[in-house]
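J.: So here's entry-v4.cif (mmCIF, C-alpha atoms).
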data_protein
loop_
_atom_site.label_atom_id
_atom_site.label_comp_id
_atom_site.auth_asym_id
_atom_site.auth_seq_id
_atom_site.Cartn_x
_atom_site.Cartn_y
_atom_site.Cartn_z
CA SER G 151 9.99 -1.55 -21.71
CA LEU G 152 6.93 -2.99 -20.00
CA PHE G 153 7.13 -4.57 -16.55
CA LYS G 154 6.87 -8.36 -16.81
CA GLY G 155 5.97 -8.94 -13.17
CA LYS G 156 2.38 -9.28 -12.06
CA PRO G 157 0.26 -6.13 -12.06
CA ILE G 158 -0.13 -4.46 -8.68
CA ASP G 159 -3.40 -5.81 -7.28
CA ALA G 160 -5.36 -6.48 -4.09
CA THR G 161 -2.84 -9.12 -2.97
CA ASP G 162 -0.16 -6.42 -2.70
CA TYR G 163 0.13 -4.16 0.31
CA VAL G 164 0.49 -0.72 -1.26
CA GLU G 165 1.91 2.01 0.93
CA GLY G 166 1.84 5.70 0.10
CA ASN G 167 -0.44 7.19 -2.53
CA ALA G 168 -2.40 4.26 -3.93
CA ASN G 169 -3.84 6.51 -6.66
CA SER G 170 -0.41 7.41 -7.99
CA LYS G 171 0.68 6.37 -11.47
CA ILE G 172 4.19 5.83 -10.10
CA TYR G 173 5.06 2.64 -8.25
CA VAL G 174 8.26 1.59 -6.56
CA VAL G 175 8.21 -2.21 -6.33
CA GLU G 176 10.95 -3.84 -4.26
CA TYR G 177 11.61 -7.58 -4.42
CA SER G 178 13.36 -8.42 -1.19
CA ASP G 179 14.82 -11.24 0.90
CA PRO G 180 14.76 -10.63 4.67
CA GLU G 181 17.95 -12.66 5.20
CA CYS G 182 19.95 -10.85 2.50
CA PRO G 183 22.54 -8.42 3.91
CA TYR G 184 22.03 -5.94 1.04
CA CYS G 185 18.28 -5.91 1.68
CA VAL G 186 18.96 -5.14 5.34
CA GLN G 187 21.39 -2.41 4.25
CA LEU G 188 18.85 -0.86 1.85
CA HIS G 189 15.98 -0.84 4.34
CA PRO G 190 16.63 2.51 6.12
CA THR G 191 16.88 4.21 2.72
CA MET G 192 13.59 2.72 1.54
CA LYS G 193 11.91 3.58 4.83
CA LEU G 194 13.03 7.20 4.48
CA LEU G 195 11.84 7.38 0.86
CA ARG G 196 8.50 5.79 1.81
CA SER G 197 7.97 8.53 4.35
CA GLU G 198 9.20 11.38 2.11
CA TYR G 199 7.16 10.39 -0.94
CA ALA G 200 4.11 8.99 0.89
CA GLY G 201 1.75 11.59 -0.60
CA LYS G 202 3.16 11.32 -4.11
CA ILE G 203 3.88 7.72 -5.08
CA ALA G 204 3.03 4.13 -4.21
CA PHE G 205 5.45 1.62 -2.66
CA VAL G 206 5.08 -2.15 -2.84
CA TYR G 207 7.21 -4.72 -0.98
CA ARG G 208 7.31 -8.15 -2.66
CA HIS G 209 8.87 -11.41 -1.51
CA PHE G 210 11.89 -12.93 -3.21
CA PRO G 211 13.63 -15.19 -0.66
CA LEU G 212 16.76 -16.81 -2.10
CA THR G 213 16.08 -20.21 -0.62
CA GLN G 214 19.31 -21.84 -1.85
CA ILE G 215 21.55 -19.52 0.18
CA HIS G 216 19.28 -18.18 2.93
CA PRO G 217 17.66 -21.01 4.92
CA HIS G 218 15.37 -18.77 7.02
CA ALA G 219 14.32 -16.29 4.32
CA PHE G 220 11.27 -18.23 3.15
CA ASP G 221 9.80 -18.46 6.65
CA GLU G 222 10.61 -14.82 7.38
CA SER G 223 8.86 -13.84 4.15
CA LYS G 224 5.86 -15.89 5.30
CA ALA G 225 5.91 -14.01 8.62
CA ILE G 226 5.84 -10.65 6.83
CA LEU G 227 2.95 -11.82 4.65
CA CYS G 228 1.08 -13.14 7.70
CA ALA G 229 1.48 -9.81 9.49
CA GLY G 230 -0.43 -8.27 6.59
CA ASN G 231 -2.97 -11.08 6.40
CA VAL G 232 -3.68 -10.75 10.13
CA GLY G 233 -3.37 -7.00 10.63
CA GLY G 234 -3.69 -5.34 7.23
CA LYS G 235 -1.38 -2.93 5.43
CA GLU G 236 -0.30 -1.01 8.56
CA LYS G 237 0.86 -4.18 10.32
CA PHE G 238 2.50 -5.49 7.14
CA TYR G 239 4.85 -2.49 6.97
CA GLU G 240 5.18 -2.33 10.75
CA TYR G 241 6.43 -5.93 10.64
CA VAL G 242 8.81 -5.19 7.74
CA ASP G 243 10.24 -2.22 9.66
CA ALA G 244 10.52 -4.18 12.92
CA LEU G 245 12.20 -7.19 11.28
CA TYR G 246 14.75 -5.20 9.30
CA GLY G 247 15.12 -2.77 12.20
CA TYR G 248 16.09 -5.60 14.52
CA LYS G 249 18.73 -6.80 12.07
CA ILE G 250 20.17 -3.32 11.58
CA THR G 251 20.32 -2.63 15.33
CA ASN G 252 21.93 -5.98 16.08
CA LYS G 253 24.21 -5.93 13.00
CA THR G 254 23.05 -9.37 11.92
CA THR G 255 20.99 -10.99 9.18
CA GLN G 256 19.64 -13.55 11.68
CA LEU G 257 16.66 -13.47 14.00
CA THR G 258 16.60 -15.49 17.22
CA THR G 259 14.76 -18.85 17.13
CA THR G 260 11.56 -17.17 18.38
CA GLY G 261 12.27 -13.92 16.52
CA LYS G 262 9.37 -14.12 14.08
CA GLU G 263 6.89 -14.68 16.91
CA ASP G 264 8.55 -12.04 19.12
CA ILE G 265 8.11 -9.40 16.42
CA ALA G 266 4.48 -10.45 15.92
CA ARG G 267 3.89 -10.05 19.65
CA ASN G 268 5.75 -6.72 19.80
CA ILE G 269 3.51 -5.22 17.12
CA ALA G 270 0.39 -6.68 18.78
CA LEU G 271 -0.63 -9.29 16.21
CA ASP G 272 -3.04 -11.95 17.43
CA LYS G 273 -0.83 -14.95 18.21
CA ALA G 274 -3.28 -17.71 17.27
CA THR G 275 -4.21 -16.11 13.94
CA PHE G 276 -0.56 -15.44 13.12
CA THR G 277 0.40 -19.07 13.91
CA THR G 278 -2.48 -20.43 11.84
CA CYS G 279 -1.40 -18.28 8.90
CA MET G 280 2.24 -19.40 9.26
CA ASN G 281 1.15 -23.06 9.11
CA ASP G 282 -1.25 -22.58 6.19
CA GLN G 283 -0.11 -24.10 2.89
CA LYS G 284 -1.66 -21.10 1.07
CA THR G 285 0.91 -18.85 2.74
CA SER G 286 3.81 -20.93 1.38
CA ASP G 287 2.15 -21.07 -2.03
CA PHE G 288 1.88 -17.27 -2.09
CA ILE G 289 5.61 -16.84 -1.39
CA THR G 290 6.47 -19.41 -4.07
CA ALA G 291 4.23 -17.56 -6.54
CA SER G 292 5.99 -14.31 -5.57
CA ILE G 293 9.40 -15.86 -6.31
CA ASN G 294 8.15 -17.02 -9.72
CA ASP G 295 6.71 -13.57 -10.35
CA GLY G 296 10.03 -11.93 -9.48
CA SER G 297 11.82 -14.27 -11.87
CA ALA G 298 9.35 -13.36 -14.63
CA ALA G 299 10.02 -9.68 -13.89
CA GLY G 300 13.75 -10.30 -14.38
CA VAL G 301 14.87 -10.35 -10.75
CA GLN G 302 18.19 -12.17 -10.42
CA GLY G 303 19.31 -11.04 -6.99
CA THR G 304 18.05 -9.02 -4.06
CA PRO G 305 17.15 -6.33 -3.43
CA SER G 306 15.77 -5.55 -6.86
CA THR G 307 13.72 -2.37 -7.08
CA PHE G 308 11.59 -1.32 -10.04
CA VAL G 309 10.44 2.26 -10.62
CA LEU G 310 7.29 2.00 -12.74
CA ILE G 311 4.79 4.31 -14.40
CA LYS G 312 1.30 2.92 -14.94
CA ASN G 313 -0.17 3.50 -18.37
CA ARG G 314 -2.87 2.00 -20.59
CA LYS G 315 -0.65 -0.90 -21.65
CA GLY G 316 0.56 -1.84 -18.19
CA TYR G 317 3.56 -0.58 -16.26
CA GLU G 318 6.47 1.07 -18.00
CA VAL G 319 9.85 0.39 -16.38
CA VAL G 320 11.59 3.71 -15.77
CA SER G 321 14.48 2.10 -13.94
CA VAL G 322 15.62 -1.12 -12.33
CA ILE G 323 17.80 -0.62 -9.28
CA ASP G 324 19.91 -3.60 -8.30
CA GLY G 325 21.35 -3.91 -4.84
CA ALA G 326 21.62 -1.50 -1.93
CA ARG G 327 22.08 1.79 -3.74
CA PRO G 328 22.48 5.05 -1.84
CA TYR G 329 19.56 7.37 -1.09
CA ASP G 330 20.50 9.96 -3.75
CA TYR G 331 20.63 7.31 -6.48
CA ILE G 332 17.13 5.97 -5.75
CA LYS G 333 15.70 9.46 -5.16
CA ALA G 334 16.99 10.51 -8.60
CA ALA G 335 15.24 7.53 -10.22
CA ILE G 336 11.96 8.42 -8.47
CA ASP G 337 12.26 12.10 -9.41
CA GLN G 338 12.93 11.12 -13.01
CA ALA G 339 9.68 9.12 -13.03
CA LEU G 340 7.80 12.02 -11.43
CA SER G 341 9.06 14.42 -14.11
CA LYS G 342 7.74 12.29 -17.01
#
Take the structure in the file and give it back as structure tokens.
T.:
Amino acid sequence: SLFKGKPIDATDYVEGNANSKIYVVEYSDPECPYCVQLHPTMKLLRSEYAGKIAFVYRHFPLTQIHPHAFDESKAILCAGNVGGKEKFYEYVDALYGYKITNKTTQLTTTGKEDIARNIALDKATFTTCMNDQKTSDFITASINDGSAAGVQGTPSTFVLIKNRKGYEVVSVIDGARPYDYIKAAIDQALSK
């Protein structure tokens, strides 16, 4: 079936081989325990398949149950807006890394700013981005996009193959699945 989410475009931060026909698109919520649990697996796969496929992190904060997720998603987006793709994924890794190390889904009150400082983002630009209505609108649009794609919970990871009609869904991986499970789905896509 064809992917019903938005096509991968310039508003996405694509990591790995941007010329690949294979995309792994993860809709994630930074306050969701399963997203935190999945992160080391995704980080490993991103590094192992960097030359072969493209990875895209998208925002799907579950605002009803996770009060800080929307703002943390904004912070991730702002890292990219301020520092580009490298800082976007550096921020993702630092945020989830902090939560894994501290066995928590919560940041401290100044956590978002601390991470921005730790990865050397310009403070004023980061703050301006965080307060910009466009940033909130982008996250809201991303939630709507995830819903259109069929996301019901997080994490929700789509393995896609780009073709003339759009993106064919090879598999949809719900939740924090083990490394071997996700690797098998990627290898299946690569073998097509």
J.: With all atoms listed in the file as the counted atoms, please give the residues lying no more than 9 Å from Ser286 in chain G, apart from itself and same-chain residues fewer than 5 positions off, as JSON, numbers by chain.
T.: {"G": [220, 221, 224, 280, 281, 291]}
J.: Step by step, work through what the PyMOL selection byres ((chain G and resi 301-304) around 9) selects in the shown file, and finish by giving those residues as a list in words.
T.: Glu176, Tyr177, Ser178, Asp179, Cys182, Tyr184, Cys185, Phe210, Pro211, Leu212, Ile293, Asp295, Gly296, Ser297, Ala298, Ala299, Gly300, Pro305, Ser306, Thr307, Asp324, Gly325 and Ala326 of chain G
J.: Would you output that residue set with C-alpha atoms, as a PDB file, keeping the file's coordinate frame?
T.:
ATOM      1  CA  GLU G 176      10.950  -3.840  -4.260  1.00  0.00           C
ATOM      2  CA  TYR G 177      11.610  -7.580  -4.420  1.00  0.00           C
ATOM      3  CA  SER G 178      13.360  -8.420  -1.190  1.00  0.00           C
ATOM      4  CA  ASP G 179      14.820 -11.240   0.900  1.00  0.00           C
ATOM      5  CA  CYS G 182      19.950 -10.850   2.500  1.00  0.00           C
ATOM      6  CA  TYR G 184      22.030  -5.940   1.040  1.00  0.00           C
ATOM      7  CA  CYS G 185      18.280  -5.910   1.680  1.00  0.00           C
ATOM      8  CA  PHE G 210      11.890 -12.930  -3.210  1.00  0.00           C
ATOM      9  CA  PRO G 211      13.630 -15.190  -0.660  1.00  0.00           C
ATOM     10  CA  LEU G 212      16.760 -16.810  -2.100  1.00  0.00           C
ATOM     11  CA  ILE G 293       9.400 -15.860  -6.310  1.00  0.00           C
ATOM     12  CA  ASP G 295       6.710 -13.570 -10.350  1.00  0.00           C
ATOM     13  CA  GLY G 296      10.030 -11.930  -9.480  1.00  0.00           C
ATOM     14  CA  SER G 297      11.820 -14.270 -11.870  1.00  0.00           C
ATOM     15  CA  ALA G 298       9.350 -13.360 -14.630  1.00  0.00           C
ATOM     16  CA  ALA G 299      10.020  -9.680 -13.890  1.00  0.00           C
ATOM     17  CA  GLY G 300      13.750 -10.300 -14.380  1.00  0.00           C
ATOM     18  CA  PRO G 305      17.150  -6.330  -3.430  1.00  0.00           C
ATOM     19  CA  SER G 306      15.770  -5.550  -6.860  1.00  0.00           C
ATOM     20  CA  THR G 307      13.720  -2.370  -7.080  1.00  0.00           C
ATOM     21  CA  ASP G 324      19.910  -3.600  -8.300  1.00  0.00           C
ATOM     22  CA  GLY G 325      21.350  -3.910  -4.840  1.00  0.00           C
ATOM     23  CA  ALA G 326      21.620  -1.500  -1.930  1.00  0.00           C
TER      24      ALA G 326
END
J.: Output the residue selection produced by the PyMOL selection byres ((chain G and resi 152) around 12) on the file above, formatted as a list in words.
T.: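 With the shown file as input, the PyMOL selection byres ((chain G and resi 152) around 12) matches Ser151, Phe153, Lys154, Gly155, Lys156, Pro157, Ala298, Ala299, Gly300, Phe308, Val309, Leu310, Ile311, Lys312, Asn313, Arg314, Lys315, Gly316, Tyr317, Glu318, Val319, Val320, Ser321 and Val322 of chain G.
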J.: Those selected residues, please, written with C-alpha atoms and delivered as a PDB file, in the coordinates of the input.
T.:
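The result, stored in again-v3.pdb:
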ATOM      1  CA  SER G 151       9.990  -1.550 -21.710  1.00  0.00           C
ATOM      2  CA  PHE G 153       7.130  -4.570 -16.550  1.00  0.00           C
ATOM      3  CA  LYS G 154       6.870  -8.360 -16.810  1.00  0.00           C
ATOM      4  CA  GLY G 155       5.970  -8.940 -13.170  1.00  0.00           C
ATOM      5  CA  LYS G 156       2.380  -9.280 -12.060  1.00  0.00           C
ATOM      6  CA  PRO G 157       0.260  -6.130 -12.060  1.00  0.00           C
ATOM      7  CA  ALA G 298       9.350 -13.360 -14.630  1.00  0.00           C
ATOM      8  CA  ALA G 299      10.020  -9.680 -13.890  1.00  0.00           C
ATOM      9  CA  GLY G 300      13.750 -10.300 -14.380  1.00  0.00           C
ATOM     10  CA  PHE G 308      11.590  -1.320 -10.040  1.00  0.00           C
ATOM     11  CA  VAL G 309      10.440   2.260 -10.620  1.00  0.00           C
ATOM     12  CA  LEU G 310       7.290   2.000 -12.740  1.00  0.00           C
ATOM     13  CA  ILE G 311       4.790   4.310 -14.400  1.00  0.00           C
ATOM     14  CA  LYS G 312       1.300   2.920 -14.940  1.00  0.00           C
ATOM     15  CA  ASN G 313      -0.170   3.500 -18.370  1.00  0.00           C
ATOM     16  CA  ARG G 314      -2.870   2.000 -20.590  1.00  0.00           C
ATOM     17  CA  LYS G 315      -0.650  -0.900 -21.650  1.00  0.00           C
ATOM     18  CA  GLY G 316       0.560  -1.840 -18.190  1.00  0.00           C
ATOM     19  CA  TYR G 317       3.560  -0.580 -16.260  1.00  0.00           C
ATOM     20  CA  GLU G 318       6.470   1.070 -18.000  1.00  0.00           C
ATOM     21  CA  VAL G 319       9.850   0.390 -16.380  1.00  0.00           C
ATOM     22  CA  VAL G 320      11.590   3.710 -15.770  1.00  0.00           C
ATOM     23  CA  SER G 321      14.480   2.100 -13.940  1.00  0.00           C
ATOM     24  CA  VAL G 322      15.620  -1.120 -12.330  1.00  0.00           C
TER      25      VAL G 322
END
J.: For range 151-207 of chain G versus range 230-245 of chain G, which residues have an atom no more than 9 Å away, and what is each residue's nearest atom pair and distance in Å rounded to one decimal, using all atoms listed in the file, chain-then-number order, as a tab-separated table?
T.:
residue	atom	partner	partner_atom	distance
G:Asp162	CA	G:Lys235	CA	8.9
G:Tyr163	CA	G:Lys235	CA	5.5
G:Val164	CA	G:Lys235	CA	7.3
G:Glu165	CA	G:Lys235	CA	7.4
G:Pro180	CA	G:Leu245	CA	7.9
G:His189	CA	G:Asp243	CA	7.9
G:Pro190	CA	G:Asp243	CA	8.7
G:Lys193	CA	G:Asp243	CA	7.7
G:Tyr207	CA	G:Tyr239	CA	8.6
J.: Have a look at CA of Gly166 in chain G and CA of Ile203 in chain G and let me know their distance in Å, one decimal.
T.: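 Calculated distance between CA of Gly166 in chain G and CA of Ile203 in chain G is 5.9 Å.
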J.: Considering only C-alpha atoms, state which residue in the set G:Tyr331, G:Tyr199, G:Tyr248, G:Phe288 is at the smallest distance from Thr161 in chain G.
T.: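 Going through G:Tyr331, G:Tyr199, G:Tyr248, G:Phe288 one by one, the smallest distance to Thr161 in chain G is for G:Phe288.
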J.: From the options G:Val206, G:Leu227, G:Ala274, G:Ile172, which residue's atoms come nearest to Leu340 in chain G, counting all atoms listed in the file?
T.: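 Nearest to Leu340 in chain G: G:Ile172.
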J.: What separation in Å, quoted to one decimal, exists between CA of Ala229 in chain G and CA of Ala270 in chain G?
T.: 9.9 Å
J.: Counting all atoms listed in the file, which residue out of G:Ile250, G:Leu257, G:Ala200, G:Ala266 sits closest to His218 in chain G?
T.: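 Looking only at the distances to His218 in chain G, the closest residue turns out to be G:Leu257.
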J.: As an exercise, work out the distance from CA of Tyr173 in chain G to CA of Ile265 in chain G in Å and give it to one decimal place.
T.: 27.6 Å
J.: Calculated over all atoms listed in the file, which of the candidates G:Arg196, G:Gln187, G:Gly261, G:Thr275 has the smallest distance to Cys228 in chain G?
T.: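 Looking at the shortest contact to Cys228 in chain G, the residue is G:Thr275.
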J.: Which one is closest to Lys273 in chain G: G:Ile215, G:Ala225, G:Pro328, G:Lys171? Count only C-alpha atoms.
T.: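 Looking at the shortest contact to Lys273 in chain G, the residue is G:Ala225.
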J.: Quick one: of G:Glu222, G:Ile158, G:Leu195, G:Gly247, who's nearest to Ala335 in chain G, counting all atoms listed in the file?
T.: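 Of the candidates, the smallest distance to Ala335 in chain G is held by G:Leu195.
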